[in-house]
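Containing compact mmCIF, C-alpha atoms and all ligand atoms: run.txt.
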# COMPACT_ATOMS: atom_id res chain seq x y z
CA MET A 1137 -22.38 12.15 24.85
CA SER A 1138 -23.54 15.48 23.38
CA ASP A 1139 -22.04 14.42 20.03
CA ILE A 1140 -23.93 11.17 20.02
CA LEU A 1141 -27.37 12.25 21.05
CA PRO A 1142 -28.19 14.75 18.29
CA SER A 1143 -27.17 12.33 15.55
CA LEU A 1144 -29.33 9.62 17.04
CA LEU A 1145 -32.25 12.01 17.20
CA VAL A 1146 -31.73 13.15 13.62
CA GLU A 1147 -31.63 9.56 12.48
CA ARG A 1148 -34.93 8.87 14.21
CA ARG A 1149 -36.66 11.96 12.83
CA THR A 1150 -35.51 11.47 9.23
CA SER A 1151 -36.23 7.78 9.05
CA THR A 1152 -39.38 6.96 7.10
CA GLU A 1153 -39.18 3.23 7.77
CA GLN A 1154 -41.21 1.64 10.53
CA PRO A 1155 -38.83 0.19 13.10
CA LYS A 1156 -38.70 -3.61 12.76
CA ASP A 1157 -38.69 -3.97 16.52
CA PRO A 1158 -41.39 -1.76 18.04
CA ALA A 1159 -39.95 -2.14 21.54
CA PRO A 1160 -38.20 1.07 22.66
CA ARG A 1161 -34.45 0.57 22.68
CA ASP A 1162 -32.12 2.14 25.20
CA LEU A 1163 -29.27 4.37 24.21
CA ALA A 1164 -26.63 1.67 24.68
CA SER A 1165 -28.48 -0.69 22.33
CA GLN A 1166 -28.72 2.02 19.72
CA VAL A 1167 -24.99 2.67 19.95
CA ASP A 1168 -24.32 -1.07 19.75
CA ASP A 1169 -26.36 -1.25 16.59
CA LEU A 1170 -24.71 1.81 15.00
CA TYR A 1171 -21.26 0.57 15.98
CA ASP A 1172 -21.86 -2.77 14.29
CA ARG A 1173 -23.29 -1.23 11.14
CA PHE A 1174 -20.86 1.68 10.72
CA GLY A 1175 -17.74 0.71 12.70
CA GLN A 1176 -14.93 -1.72 11.87
CA ARG A 1177 -17.43 -4.50 11.19
CA LYS A 1178 -19.24 -2.51 8.51
CA ASP A 1179 -19.96 -4.70 5.49
CA MET A 1180 -17.10 -4.23 3.06
CA GLY A 1181 -18.18 -6.71 0.42
CA ALA A 1182 -21.37 -5.03 -0.75
CA ALA A 1183 -21.40 -3.15 -4.02
CA SER A 1184 -22.61 0.43 -4.34
CA GLN A 1185 -26.32 0.69 -5.10
CA ALA A 1186 -26.09 3.89 -7.14
CA PRO A 1187 -23.54 5.60 -9.38
CA ASN A 1188 -23.31 8.57 -7.03
CA LEU A 1189 -22.54 6.41 -3.99
CA PRO A 1190 -19.16 4.82 -3.23
CA HIS A 1191 -18.82 1.10 -2.59
CA TYR A 1192 -17.48 1.72 0.89
CA PHE A 1193 -15.87 4.20 3.22
CA LEU A 1194 -14.51 3.96 6.74
CA LEU A 1195 -12.60 6.25 9.05
CA ARG A 1196 -10.15 3.92 10.81
CA THR A 1197 -6.83 4.01 12.62
CA PHE A 1198 -3.81 2.98 10.61
CA LEU A 1199 -0.32 2.87 12.14
CA GLY A 1200 -1.48 5.36 14.75
CA GLN A 1201 -3.12 7.77 12.30
CA ASN A 1202 -6.73 8.46 11.35
CA ASP A 1203 -7.09 7.13 7.83
CA LEU A 1204 -10.17 7.64 5.70
CA LEU A 1205 -10.57 4.73 3.29
CA VAL A 1206 -12.81 5.50 0.33
CA ILE A 1207 -13.61 2.87 -2.29
CA LEU A 1208 -15.11 4.61 -5.29
CA ASN A 1209 -17.56 3.00 -7.65
CA THR A 1210 -16.11 3.41 -11.15
CA LYS A 1211 -15.79 1.35 -14.28
CA ARG A 1212 -14.36 -2.01 -13.26
CA CYS A 1213 -10.74 -3.10 -13.29
CA ARG A 1214 -9.67 -4.45 -16.67
CA TYR A 1215 -7.71 -7.34 -15.12
CA GLN A 1216 -8.94 -10.67 -13.84
CA CYS A 1217 -6.31 -11.85 -11.41
CA ALA A 1218 -7.08 -15.41 -10.36
CA PHE A 1219 -7.29 -14.64 -6.64
CA CYS A 1220 -9.48 -11.55 -6.85
CA THR A 1221 -13.21 -11.07 -7.38
CA LEU A 1222 -13.28 -7.38 -6.49
CA PRO A 1223 -13.83 -6.05 -10.06
CA ALA A 1224 -17.21 -7.81 -10.21
CA LYS A 1225 -18.51 -5.23 -7.73
CA SER A 1226 -17.91 -2.35 -10.10
CA SER A 1227 -19.74 -1.08 -13.11
CA LYS A 1228 -19.21 -2.56 -16.59
CA SER A 1229 -19.87 0.85 -18.05
CA TRP A 1230 -18.26 4.24 -17.62
CA ILE A 1231 -19.33 6.33 -14.62
CA PRO A 1232 -19.21 10.05 -15.46
CA ASP A 1233 -16.78 12.26 -13.55
CA ALA A 1234 -19.61 14.23 -11.90
CA GLN A 1235 -20.97 11.05 -10.33
CA VAL A 1236 -17.56 9.89 -9.17
CA THR A 1237 -16.92 13.24 -7.47
CA ALA A 1238 -20.44 13.10 -5.99
CA GLN A 1239 -19.42 9.81 -4.33
CA PHE A 1240 -16.57 11.55 -2.58
CA GLY A 1241 -18.90 14.43 -1.71
CA HIS A 1242 -21.25 11.93 -0.08
CA VAL A 1243 -18.41 10.63 2.11
CA VAL A 1244 -17.34 14.12 3.13
CA HIS A 1245 -20.88 15.04 4.13
CA GLU A 1246 -21.29 11.84 6.12
CA LEU A 1247 -18.05 12.58 7.98
CA LYS A 1248 -18.37 16.32 8.29
CA HIS A 1249 -17.89 16.37 12.06
CA ALA A 1250 -14.68 14.35 11.81
CA LEU A 1251 -12.97 16.19 8.95
CA SER A 1252 -10.54 17.97 11.25
CA VAL A 1253 -9.10 14.72 12.64
CA ILE A 1254 -8.33 12.98 9.34
CA ASP A 1255 -4.56 12.50 8.89
CA ARG A 1256 -4.59 10.57 5.65
CA VAL A 1257 -6.92 9.45 2.89
CA THR A 1258 -6.71 6.18 1.01
CA LEU A 1259 -8.39 6.25 -2.40
CA SER A 1260 -9.34 3.00 -4.08
CA ASN A 1261 -11.78 1.84 -6.75
CA GLU A 1262 -11.22 -1.94 -6.42
CA GLY A 1263 -8.80 -1.54 -9.31
CA SER A 1264 -6.48 1.27 -10.35
CA ILE A 1265 -7.35 4.88 -9.58
CA LEU A 1266 -4.76 5.98 -12.16
CA ASP A 1267 -6.19 3.83 -14.96
CA GLU A 1268 -7.93 6.49 -17.02
CA ALA A 1269 -9.92 3.83 -18.87
CA THR A 1270 -11.80 3.23 -15.61
CA VAL A 1271 -11.93 6.62 -13.86
CA GLY A 1272 -11.66 10.11 -15.33
CA ARG A 1273 -8.53 12.17 -14.75
CA SER A 1274 -10.62 15.26 -13.93
CA ALA A 1275 -12.57 13.37 -11.28
CA VAL A 1276 -9.33 12.27 -9.61
CA ASP A 1277 -7.97 15.82 -9.81
CA GLU A 1278 -11.12 17.23 -8.25
CA ILE A 1279 -11.09 14.71 -5.42
CA VAL A 1280 -7.39 15.24 -4.67
CA THR A 1281 -7.93 19.02 -4.68
CA ALA A 1282 -10.79 18.56 -2.21
CA ILE A 1283 -8.62 16.37 0.02
CA GLY A 1284 -6.08 19.19 -0.04
CA ARG A 1285 -8.67 21.34 1.77
CA MET A 1286 -8.74 18.92 4.69
CA ARG A 1287 -6.08 20.79 6.53
CA ARG A 1288 -4.77 17.99 8.69
CA VAL A 1289 -4.28 15.45 5.87
CA ARG A 1290 -0.58 14.75 5.29
CA ARG A 1291 -0.80 11.70 3.04
CA ILE A 1292 -2.97 10.66 0.11
CA GLU A 1293 -2.61 6.98 -0.72
CA ILE A 1294 -3.66 6.12 -4.26
CA GLU A 1295 -4.29 2.49 -5.09
CA THR A 1296 -3.15 1.47 -8.54
CA ARG A 1297 -1.17 -1.03 -10.54
CA LEU A 1298 2.26 0.44 -11.22
CA GLU A 1299 1.89 0.36 -15.01
CA PHE A 1300 -0.49 3.34 -14.68
CA VAL A 1301 1.98 5.41 -12.67
CA ASP A 1302 3.53 8.32 -14.50
CA SER A 1303 5.95 10.39 -12.44
CA GLY A 1304 4.81 13.70 -13.98
CA ARG A 1305 1.19 12.87 -13.21
CA LEU A 1306 2.07 12.08 -9.58
CA ARG A 1307 3.95 15.35 -9.22
CA ASP A 1308 0.94 17.21 -10.64
CA LEU A 1309 -1.37 15.51 -8.16
CA GLY A 1310 0.99 16.52 -5.38
CA LYS A 1311 0.60 20.17 -6.43
CA LEU A 1312 -3.18 19.91 -6.00
CA ALA A 1313 -2.84 19.05 -2.30
CA ARG A 1314 0.36 20.73 -1.17
CA ARG A 1315 0.23 19.79 2.51
CA ALA A 1316 -0.05 16.10 1.67
CA GLY A 1317 2.51 13.70 0.28
CA ILE A 1318 1.38 11.27 -2.40
CA GLY A 1319 1.72 7.57 -1.72
CA ILE A 1320 1.13 4.67 -4.07
CA LEU A 1321 -0.64 1.60 -2.76
CA THR A 1322 -0.15 -1.42 -4.96
CA GLY A 1323 -0.38 -5.19 -4.99
CA PHE A 1324 3.11 -6.66 -5.17
CA GLU A 1325 1.83 -10.03 -3.89
CA THR A 1326 5.00 -12.12 -4.24
CA VAL A 1327 8.57 -12.13 -5.48
CA SER A 1328 8.04 -15.52 -7.12
CA GLU A 1329 7.62 -15.04 -10.86
CA PRO A 1330 6.01 -18.51 -11.36
CA ILE A 1331 3.47 -17.87 -8.58
CA ARG A 1332 2.69 -14.42 -9.97
CA GLU A 1333 1.92 -15.89 -13.36
CA ARG A 1334 0.72 -19.45 -12.74
CA HIS A 1335 -1.31 -19.09 -9.55
CA LEU A 1336 -2.22 -15.43 -9.40
CA LYS A 1337 -2.46 -14.61 -13.15
CA LYS A 1338 -1.18 -11.19 -12.20
CA ARG A 1339 0.09 -10.27 -15.67
CA GLU A 1340 2.80 -8.07 -14.26
CA SER A 1341 6.41 -9.23 -14.51
CA LEU A 1342 8.94 -8.29 -11.86
CA THR A 1343 10.71 -6.20 -14.50
CA ALA A 1344 7.52 -4.21 -15.11
CA PHE A 1345 7.02 -3.83 -11.37
CA LEU A 1346 10.55 -2.53 -10.87
CA SER A 1347 10.26 -0.04 -13.68
CA GLY A 1348 7.07 1.20 -11.96
CA LEU A 1349 9.06 1.57 -8.75
CA ASP A 1350 11.51 3.80 -10.62
CA ARG A 1351 8.67 6.11 -11.60
CA VAL A 1352 7.21 6.22 -8.07
CA ALA A 1353 10.68 7.10 -6.71
CA GLU A 1354 11.26 9.70 -9.45
CA ALA A 1355 8.07 11.49 -8.38
CA GLY A 1356 9.22 11.62 -4.75
CA ALA A 1357 6.20 9.57 -3.69
CA SER A 1358 6.20 6.65 -1.26
CA LEU A 1359 5.11 3.05 -1.62
CA THR A 1360 2.80 0.76 0.30
CA ALA A 1361 2.81 -2.75 -1.10
CA TYR A 1362 0.51 -5.67 -0.44
CA VAL A 1363 2.29 -8.96 0.10
CA LEU A 1364 0.20 -12.13 0.07
CA PHE A 1365 0.99 -14.70 2.73
CA LYS A 1366 0.80 -18.23 1.23
CA PRO A 1367 0.02 -17.18 -2.36
CA ASP A 1368 0.36 -20.75 -3.67
CA PRO A 1369 -2.40 -22.95 -2.21
CA ALA A 1370 -0.09 -26.00 -2.25
CA MET A 1371 2.49 -24.35 0.02
CA THR A 1372 3.21 -25.77 3.44
CA ASP A 1373 3.13 -23.42 6.43
CA GLU A 1374 6.94 -23.44 6.53
CA GLU A 1375 7.22 -22.59 2.81
CA ALA A 1376 4.74 -19.76 3.28
CA VAL A 1377 6.89 -18.21 6.00
CA LEU A 1378 10.05 -18.39 3.87
CA GLU A 1379 8.27 -17.05 0.81
CA ALA A 1380 6.78 -14.06 2.68
CA LYS A 1381 10.19 -13.17 4.11
CA ALA A 1382 11.76 -13.38 0.65
CA SER A 1383 9.06 -11.12 -0.84
CA ILE A 1384 9.37 -8.49 1.89
CA GLY A 1385 13.18 -8.65 1.73
CA PHE A 1386 13.09 -8.08 -2.02
CA LEU A 1387 10.81 -5.07 -1.67
CA ALA A 1388 12.92 -3.63 1.15
CA ARG A 1389 16.14 -3.89 -0.92
CA GLU A 1390 14.63 -2.50 -4.11
CA CYS A 1391 13.02 0.43 -2.29
CA ALA A 1392 16.20 1.17 -0.30
CA ASP A 1393 18.18 1.26 -3.59
CA ARG A 1394 15.78 3.92 -4.84
CA GLU A 1395 15.51 5.76 -1.50
CA LEU A 1396 11.81 5.08 -1.72
CA PRO A 1397 9.95 4.94 1.63
CA LEU A 1398 8.21 1.56 1.95
CA ALA A 1399 5.41 0.14 4.07
CA VAL A 1400 4.08 -3.40 3.69
CA ARG A 1401 0.58 -4.73 4.20
CA LEU A 1402 0.98 -8.43 4.82
CA ASN A 1403 -2.27 -10.13 3.85
CA PRO A 1404 -3.00 -13.74 4.79
CA MET A 1405 -4.43 -15.35 1.66
CA TYR A 1406 -8.10 -16.32 1.79
CA LEU A 1407 -10.49 -18.17 -0.50
CA ALA A 1408 -12.35 -15.42 -2.33
CA THR A 1409 -15.64 -17.15 -3.14
CA GLY A 1410 -15.92 -17.84 -6.88
CA SER A 1411 -12.30 -16.99 -7.72
CA ARG A 1412 -10.19 -19.28 -9.88
CA TRP A 1413 -7.57 -19.39 -7.12
CA ALA A 1414 -10.21 -20.67 -4.67
CA ARG A 1415 -11.35 -23.34 -7.13
CA THR A 1416 -7.77 -24.53 -7.60
CA ALA A 1417 -7.23 -24.65 -3.84
CA GLU A 1418 -10.46 -26.55 -3.28
CA THR A 1419 -9.96 -29.09 -6.07
CA GLY A 1420 -6.33 -29.71 -5.07
CA GLY A 1421 -7.57 -31.19 -1.80
CA GLY A 1422 -6.16 -30.59 1.65
CA TYR A 1423 -5.93 -26.81 1.33
CA LEU A 1424 -5.06 -25.09 4.59
CA PRO A 1425 -5.34 -21.31 4.94
CA PRO A 1426 -2.37 -19.50 6.51
CA ARG A 1427 -1.87 -19.64 10.26
CA LEU A 1428 -2.35 -16.16 11.72
CA THR A 1429 0.47 -16.72 14.21
CA ASP A 1430 2.90 -17.42 11.33
CA VAL A 1431 1.84 -14.14 9.76
CA MET A 1432 2.34 -12.38 13.11
CA ARG A 1433 5.84 -13.85 13.55
CA VAL A 1434 6.92 -12.69 10.08
CA ALA A 1435 5.41 -9.23 10.65
CA GLU A 1436 7.13 -8.89 14.01
CA GLU A 1437 10.51 -9.93 12.59
CA GLN A 1438 10.29 -7.65 9.55
CA ALA A 1439 9.15 -4.71 11.68
CA ALA A 1440 12.20 -5.29 13.90
CA ASN A 1441 14.29 -5.14 10.69
CA GLY A 1442 12.90 -1.66 10.09
CA VAL A 1443 10.09 -2.32 7.60
CA PRO A 1444 6.83 -0.60 8.66
CA ILE A 1445 4.32 -3.39 8.41
CA TYR A 1446 0.59 -3.86 8.85
CA VAL A 1447 -1.21 -7.19 9.01
CA GLY A 1448 -4.36 -7.29 6.90
CA LEU A 1449 -7.10 -9.01 8.87
CA SER A 1450 -9.95 -8.35 6.49
CA THR A 1451 -11.22 -10.73 3.87
CA GLU A 1452 -12.87 -7.70 2.24
CA GLY A 1453 -16.28 -9.34 2.62
CA LEU A 1454 -15.31 -11.92 -0.01
CA ALA A 1455 -14.73 -15.03 2.10
CA GLY A 1456 -16.30 -16.80 5.02
CA GLU A 1457 -14.36 -17.95 8.08
CA GLU A 1458 -13.89 -21.37 6.47
CA GLY A 1459 -11.68 -19.84 3.81
CA SER A 1460 -9.56 -17.72 6.11
CA TYR A 1461 -6.97 -17.93 8.89
CA ALA A 1462 -9.89 -18.20 11.36
CA ARG A 1463 -10.21 -21.86 10.35
CA ARG A 1464 -6.74 -22.86 11.56
CA GLU A 1465 -6.02 -24.55 14.85
CA ASP A 1466 -3.85 -21.72 16.16
CA TYR A 1467 -6.65 -19.17 15.80
CA SER A 1468 -8.26 -17.41 18.69
CA PRO A 1469 -10.13 -14.08 18.66
CA SER A 1470 -7.55 -12.76 21.15
CA LEU A 1471 -4.95 -12.85 18.34
CA VAL A 1472 -6.97 -10.27 16.46
CA ARG A 1473 -6.76 -7.94 19.45
CA TYR A 1474 -2.95 -8.23 19.50
CA VAL A 1475 -2.71 -7.73 15.74
CA LYS A 1476 -4.84 -4.58 15.98
CA GLN A 1477 -2.52 -3.21 18.68
CA PHE A 1478 0.48 -4.07 16.50
CA ASN A 1479 -1.13 -2.37 13.49
CA ASP A 1480 -1.80 0.74 15.55
CA GLY A 1481 1.86 0.94 16.58
CA GLY A 1482 0.99 0.11 20.22
CA LEU A 1483 2.88 -3.19 20.25
CA ALA A 1484 6.32 -3.91 18.76
CA ARG A 1485 6.51 -7.51 19.99
CA PHE A 1486 3.68 -9.94 20.51
CA PRO A 1487 3.39 -11.39 24.02
CA TRP A 1488 4.07 -14.97 22.89
CA ASP A 1489 4.17 -16.40 26.43
CA GLU A 1490 0.70 -15.00 27.09
CA ILE A 1491 -0.57 -16.16 23.69
CA LEU A 1492 0.73 -19.70 24.13
CA ALA A 1493 -0.48 -19.89 27.74
CA ALA A 1494 -3.97 -18.99 26.54
CA GLY A 1495 -3.85 -21.96 24.18
CA ALA A 1496 -3.60 -19.95 20.96
CA GLY A 1497 -0.66 -20.15 18.62
CA ALA A 1498 0.26 -23.74 19.46
CA ARG A 1499 2.26 -25.40 16.68
S1 LIG A 1501 -5.92 -7.77 -7.96
FE1 LIG A 1501 -6.11 -5.66 -8.63
S2 LIG A 1501 -5.58 -5.74 -10.82
FE2 LIG A 1501 -6.03 -7.84 -10.21
S3 LIG A 1501 -8.22 -8.10 -10.68
FE3 LIG A 1501 -8.07 -7.49 -8.52
S4 LIG A 1501 -8.32 -5.27 -8.58
FE4 LIG A 1501 -7.80 -5.89 -10.69
Rewrite the structure of this file - the entire thing - as structure tokens.
Amino acid sequence: MSDILPSLLVERRTSTEQPKDPAPRDLASQVDDLYDRFGQRKDMGAASQAPNLPHYFLLRTFLGQNDLLVILNTKRCRYQCAFCTLPAKSSKSWIPDAQVTAQFGHVVHELKHALSVIDRVTLSNEGSILDEATVGRSAVDEIVTAIGRMRRVRRIEIETRLEFVDSGRLRDLGKLARRAGIGILTGFETVSEPIRERHLKKRESLTAFLSGLDRVAEAGASLTAYVLFKPDPAMTDEEAVLEAKASIGFLARECADRELPLAVRLNPMYLATGSRWARTAETGGGYLPPRLTDVMRVAEEQAANGVPIYVGLSTEGLAGEEGSYARREDYSPSLVRYVKQFNDGGLARFPWDEILAAGAGAR
């Protein structure tokens, strides 16, 4: 309580806006409002309004740890994958290093009372943090050095395409934050070469991906890979299950061969408004988003096989419910609660009897 009250008071005193609702609000309503605006439901799709402000940040739990996600506003990603509209949020022009580091400074100041509980930091720029054509090397160095001063942080996850990974560069980053290991977060998407090229326009062959894996392993870093569930809009639900298992199996084998620690984020595909992938799905007719229970079954099975796995529930603010798993007949909000418990490491198996009895998950 004592932590909450002063911040509420400060917010009131510093606000210059007239409250829209003049009626006095009780403390619980104020917390409700703050929780909605700054908690898990915080708007992730909005673009930064200034070069010294990030697109987004959130302190969240991830596999039982406190993870600070920071999405920096930098020059936009040079790729245009068919399923992704994220680069459109970012700047067409270069953002100077000082402004990029100011963005991280803004986050740190906003979270100053929570710095001592942060276990890991995930750095993203809706593209590739290691692409020096979009974000300056010095800015990344300065931010990683600063993260190194957060004494509890043991992992820094850097989002990037693997072509920008250089093992020497990763080792150097590791030296800037010695308590923390460096992890690479990358979009693998699918093991299917035709889907990668034809449907996703990924412009990254499996050969290129594997040579990137070699460099991540050489640096002694770890890998977290996104896998898309149902990456071809024409897939049936059954094909989507088989394809996701094949993609995760491929990653697990390739990482084991390189003694590279792997975690998977299994993301149900969604219709990102305005993307080429969404247009193809919509014009094809009869598109059905993935069933969340299929995603849960694959995640549960792969976790039992020893692959740390996290189910991505977010549509990153880029799709409505109509374009996501929430549209399918098996969906119920209670599934989200179970998935969150699974993601936090509090549930190894989903209670299928309970789920089916409640009417969700019916095939
Ligand atoms: S998926 Fe990644 S590489 Fe492709 S356009 Fe989106 S941000 Fe860029």
### Message
Calculated over all atoms listed in the file, which of the candidates A:Ala1399, A:Ala1316, A:Met1180, A:Cys1217 has the smallest distance to Ala1435 in chain A?
### Response
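Checking each of A:Ala1399, A:Ala1316, A:Met1180, A:Cys1217 against Ala1435 in chain A, counting all atoms listed in the file, the winner is A:Ala1399.
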### Query
Which residues sit within 7 Å of ligand LIG 1501 (chain A), counting only C-alpha atoms and all ligand atoms, listed as a list in words?
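Answer in the requested format: Cys1213, Arg1214, Tyr1215, Gln1216, Cys1217, Cys1220, Thr1221, Leu1222, Pro1223, Glu1262, Gly1263, Arg1297, Gly1323 and Lys1338 of chain A.
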## Note on the structure
Among A:Pro1367, A:Gly1348, A:Gly1181, A:Pro1187, Pro1330 in chain A is approached most closely, using all atoms listed in the file, by A:Pro1367
### Task
Name the residues, using the chain letters and numbers of the file, that sit within 9 Å of (-5.4, -18.2, 9.2) when counting all atoms listed in the file, and give them as a count of residues only.
20
### Task
Show which residues sit within 10 Å of Ala1269 in chain A, as number ranges by chain. Count only C-alpha atoms, and ignore same-chain residues fewer than 5 positions away.
A: 1210-1214, 1230, 1264
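Taking only C-alpha atoms into account, Gln1235 in chain A lies nearest to A:Asn1188 out of the set A:Val1257, A:Leu1251, A:Glu1278, A:Asn1188.
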List as a CSV table (one decimal) with C-alpha atoms, in the frame of the given file the protein and nucleic acid residues near Gly1422 in chain A, meaning an atom at most 10 Å away when all atoms listed in the file are counted, but skip any in the same chain fewer than 5 places from it.
chain,number,residue,atom,x,y,z
A,1369,PRO,CA,-2.4,-23.0,-2.2
A,1370,ALA,CA,-0.1,-26.0,-2.2
A,1417,ALA,CA,-7.2,-24.6,-3.8
### Task
Take CA of Ile1320 in chain A and CA of Leu1259 in chain A and report the distance between them in Å, one decimal.
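Between these atoms lies a distance of 9.8 Å.
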### Query
Given the choices A:Gln1185, A:Asn1209, A:Thr1451, A:Ser1328, which gets closest to Phe1386 in chain A if the distance is worked out from all atoms listed in the file?
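Of the candidates, the smallest distance to Phe1386 in chain A is held by A:Ser1328.
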